Amino acid sequence: LGIGMIVYHTGSLDYVEVFAALPDLVGKTVQILPGEAWAVLTLTAILLFVGAMGKSAQFPLHVWLPDSMEGPTPISALIHAATMVTAGIFMVARMSPIFELSDVALSVVMVIGGITSLSMGLLGIIQYDIKRVVAYSTLSQLGLMTIALGASAYHAAIFHLMTHAFFKALLFLAAGSVIIAIVSLMENKYFLDAFNEKVLAAGARLIGKGLWKAGDQGIIDGVAVNGSARTIGWLASLVRHLQTGFIYDYAIAMIVGVAILLYWFVPIANR
């Protein structure tokens, strides 16, 4: 869409011709929605940057890059360091004359870069796969490059792009060597799974089993529920010997019971 905007308003894709036509586009607007006027250069720059967000894995179009490290390590080194992820950064720097004419576009670039750099750096801390850690490091470094672009420090962004290509490729290749050397440890997530299973999970199950046996079966079922039922059954077996089958006997028993309750309850209520 950004390229389409350039062709529509300048009639060319040649850098020299496009940049020469930019002064004529300053102040020119276009309506996307009725009553909403957008500056042509701002809209063009933002649309170009959206493409760079997907290509250089900026938030929120970043989710593909950590998963791409599943391939062979040399391919990861090539993708993450020197080729695909750098294309968006280079494009924004190459189209800097357009971005320089829109403060809004530069602000968008800087904010997206800051969010990407900080959030991806934090996410990298909690990864356990060494290649995934390096992948999130790539995302964070790309965010730093994007911040530099938003600050109009294009030379700094390109310089970091070049240095990042070398050290990140070496990191991925070194990660491949580490994976081969300690693959058994990585499959066990540095023994954290074993510790969790044998200490935390097993301990929680042991506590739960104790509460079930002692609390549920022993106290609640054994004493409270089944115990009271057994007590009532024992009392009923004694009381049934007092039964005569005559109604007046039951009536007398009820009257005596009510009298006992009143004798016990009335003093308590008057306290």
# chains A, B, ... in the order shown; residues from 1 in each chain; ligands from 1

$ select_by_dssp --residues "range 4-187 of chain A" --states "alpha helix (DSSP H)" --output "ChimeraX atom specification"
/A:4-10,15-25,40-55,64-67,73-77,87-94,96-99,103-125,130-150,154-181,183-187

$ closest_atom_pairs --of "range 3-117 of chain A" --to "range 148-151 of chain A" --cutoff "6 Å" --atoms "only C-alpha atoms" --output "tab-separated table"
residue	atom	partner	partner_atom	distance
A:Leu106	CA	A:Gly150	CA	4.6
A:Val109	CA	A:Gly150	CA	4.9
A:Met110	CA	A:Gly150	CA	4.2

$ closest_residue --among "A:Pro23, A:Pro72, A:Gly4, A:Pro66" --to "Leu48 in chain A" --atoms "only C-alpha atoms"
A:Gly4

$ atom_distance --atom1 "CA of Thr29 in chain A" --atom2 "CA of Leu43 in chain A"
9.1 Å

$ residues_around --residues "range 77-88 of chain A" --least-positions-apart "6" --cutoff "10 Å" --atoms "only C-alpha atoms" --output "JSON, numbers by chain"
{"A": [48, 49, 50, 51, 52, 53, 54, 55, 56, 57, 58, 65, 66, 68, 69, 71, 94, 131, 134, 135, 137, 138, 139, 142, 145, 146, 158, 161, 162, 163, 164, 165, 166, 167, 168, 169, 170, 171, 172, 173, 174, 175, 176]}

$ closest_residue --among "A:Val104, A:Met95, A:Ala214, A:Ile130" --to "Glu70 in chain A" --atoms "only C-alpha atoms"
A:Ile130

$ atom_distance --atom1 "CA of Ser102 in chain A" --atom2 "CA of Thr44 in chain A"
9.6 Å

$ atom_distance --atom1 "CA of Ala253 in chain A" --atom2 "CA of Ile232 in chain A"
18.4 Å

$ residues_around --residues "Ala20 in chain A" --least-positions-apart "5" --cutoff "10 Å" --atoms "only C-alpha atoms" --output "PyMOL selection string"
chain A and resi 10+14-15+97

$ decode --residues "range 81-160 of chain A" --atoms "C-alpha atoms" --output "PDB file, in the first residue's frame"
ATOM      1  CA  ALA A  81      21.301 -11.819  11.433  1.00  0.00           C
ATOM      2  CA  ALA A  82      22.096 -10.701   7.918  1.00  0.00           C
ATOM      3  CA  THR A  83      19.220 -11.007   5.466  1.00  0.00           C
ATOM      4  CA  MET A  84      15.478 -11.056   6.031  1.00  0.00           C
ATOM      5  CA  VAL A  85      15.023  -9.272   9.351  1.00  0.00           C
ATOM      6  CA  THR A  86      17.271  -6.385   8.310  1.00  0.00           C
ATOM      7  CA  ALA A  87      15.314  -5.560   5.148  1.00  0.00           C
ATOM      8  CA  GLY A  88      12.684  -3.479   6.951  1.00  0.00           C
ATOM      9  CA  ILE A  89      15.297  -1.454   8.839  1.00  0.00           C
ATOM     10  CA  PHE A  90      17.205  -0.762   5.631  1.00  0.00           C
ATOM     11  CA  MET A  91      14.031   0.226   3.796  1.00  0.00           C
ATOM     12  CA  VAL A  92      13.043   2.813   6.402  1.00  0.00           C
ATOM     13  CA  ALA A  93      16.569   4.238   6.387  1.00  0.00           C
ATOM     14  CA  ARG A  94      16.614   4.323   2.571  1.00  0.00           C
ATOM     15  CA  MET A  95      13.247   6.095   2.510  1.00  0.00           C
ATOM     16  CA  SER A  96      14.305   8.536   5.224  1.00  0.00           C
ATOM     17  CA  PRO A  97      13.474  11.660   3.146  1.00  0.00           C
ATOM     18  CA  ILE A  98       9.799  10.662   3.322  1.00  0.00           C
ATOM     19  CA  PHE A  99       9.880   9.954   7.066  1.00  0.00           C
ATOM     20  CA  GLU A 100      11.716  13.217   7.772  1.00  0.00           C
ATOM     21  CA  LEU A 101       8.738  15.148   6.437  1.00  0.00           C
ATOM     22  CA  SER A 102       6.329  13.541   8.938  1.00  0.00           C
ATOM     23  CA  ASP A 103       6.808  13.923  12.690  1.00  0.00           C
ATOM     24  CA  VAL A 104       3.814  11.656  13.277  1.00  0.00           C
ATOM     25  CA  ALA A 105       5.403   8.817  11.323  1.00  0.00           C
ATOM     26  CA  LEU A 106       8.711   9.205  13.184  1.00  0.00           C
ATOM     27  CA  SER A 107       6.860   9.118  16.497  1.00  0.00           C
ATOM     28  CA  VAL A 108       5.066   5.912  15.489  1.00  0.00           C
ATOM     29  CA  VAL A 109       8.391   4.345  14.487  1.00  0.00           C
ATOM     30  CA  MET A 110      10.018   5.250  17.805  1.00  0.00           C
ATOM     31  CA  VAL A 111       7.111   4.040  19.962  1.00  0.00           C
ATOM     32  CA  ILE A 112       6.871   0.690  18.152  1.00  0.00           C
ATOM     33  CA  GLY A 113      10.641   0.250  18.419  1.00  0.00           C
ATOM     34  CA  GLY A 114      10.621   1.004  22.136  1.00  0.00           C
ATOM     35  CA  ILE A 115       7.794  -1.438  22.844  1.00  0.00           C
ATOM     36  CA  THR A 116       9.515  -4.149  20.814  1.00  0.00           C
ATOM     37  CA  SER A 117      12.933  -3.665  22.378  1.00  0.00           C
ATOM     38  CA  LEU A 118      11.734  -3.690  25.985  1.00  0.00           C
ATOM     39  CA  SER A 119       9.063  -6.401  25.777  1.00  0.00           C
ATOM     40  CA  MET A 120      11.099  -8.819  23.666  1.00  0.00           C
ATOM     41  CA  GLY A 121      14.115  -8.397  25.924  1.00  0.00           C
ATOM     42  CA  LEU A 122      11.973  -9.324  28.924  1.00  0.00           C
ATOM     43  CA  LEU A 123      10.467 -12.310  27.104  1.00  0.00           C
ATOM     44  CA  GLY A 124      13.955 -13.548  26.243  1.00  0.00           C
ATOM     45  CA  ILE A 125      14.762 -13.836  29.950  1.00  0.00           C
ATOM     46  CA  ILE A 126      12.138 -16.542  30.537  1.00  0.00           C
ATOM     47  CA  GLN A 127      13.010 -18.766  27.559  1.00  0.00           C
ATOM     48  CA  TYR A 128      14.755 -22.078  28.221  1.00  0.00           C
ATOM     49  CA  ASP A 129      15.732 -22.965  24.639  1.00  0.00           C
ATOM     50  CA  ILE A 130      19.081 -21.354  23.858  1.00  0.00           C
ATOM     51  CA  LYS A 131      18.160 -20.613  20.225  1.00  0.00           C
ATOM     52  CA  ARG A 132      14.895 -19.067  21.334  1.00  0.00           C
ATOM     53  CA  VAL A 133      16.791 -16.809  23.737  1.00  0.00           C
ATOM     54  CA  VAL A 134      18.969 -15.612  20.860  1.00  0.00           C
ATOM     55  CA  ALA A 135      15.858 -15.146  18.687  1.00  0.00           C
ATOM     56  CA  TYR A 136      14.260 -12.843  21.259  1.00  0.00           C
ATOM     57  CA  SER A 137      17.589 -11.041  21.506  1.00  0.00           C
ATOM     58  CA  THR A 138      17.299 -10.398  17.767  1.00  0.00           C
ATOM     59  CA  LEU A 139      13.832  -8.920  18.285  1.00  0.00           C
ATOM     60  CA  SER A 140      15.125  -6.636  21.020  1.00  0.00           C
ATOM     61  CA  GLN A 141      18.069  -5.487  18.906  1.00  0.00           C
ATOM     62  CA  LEU A 142      15.784  -4.776  15.962  1.00  0.00           C
ATOM     63  CA  GLY A 143      13.698  -2.675  18.335  1.00  0.00           C
ATOM     64  CA  LEU A 144      16.801  -0.641  19.196  1.00  0.00           C
ATOM     65  CA  MET A 145      17.471  -0.079  15.491  1.00  0.00           C
ATOM     66  CA  THR A 146      13.862   1.046  15.051  1.00  0.00           C
ATOM     67  CA  ILE A 147      14.214   3.500  17.942  1.00  0.00           C
ATOM     68  CA  ALA A 148      17.243   4.984  16.204  1.00  0.00           C
ATOM     69  CA  LEU A 149      15.223   5.324  12.998  1.00  0.00           C
ATOM     70  CA  GLY A 150      12.449   7.103  14.869  1.00  0.00           C
ATOM     71  CA  ALA A 151      15.028   9.488  16.348  1.00  0.00           C
ATOM     72  CA  SER A 152      16.305  10.275  12.822  1.00  0.00           C
ATOM     73  CA  ALA A 153      19.632   8.638  13.721  1.00  0.00           C
ATOM     74  CA  TYR A 154      19.751   6.635  10.499  1.00  0.00           C
ATOM     75  CA  HIS A 155      23.522   6.297  10.554  1.00  0.00           C
ATOM     76  CA  ALA A 156      23.345   4.728  14.034  1.00  0.00           C
ATOM     77  CA  ALA A 157      20.606   2.323  12.935  1.00  0.00           C
ATOM     78  CA  ILE A 158      22.577   1.135   9.913  1.00  0.00           C
ATOM     79  CA  PHE A 159      25.779   0.868  11.937  1.00  0.00           C
ATOM     80  CA  HIS A 160      24.036  -1.318  14.523  1.00  0.00           C
TER      81      HIS A 160
END
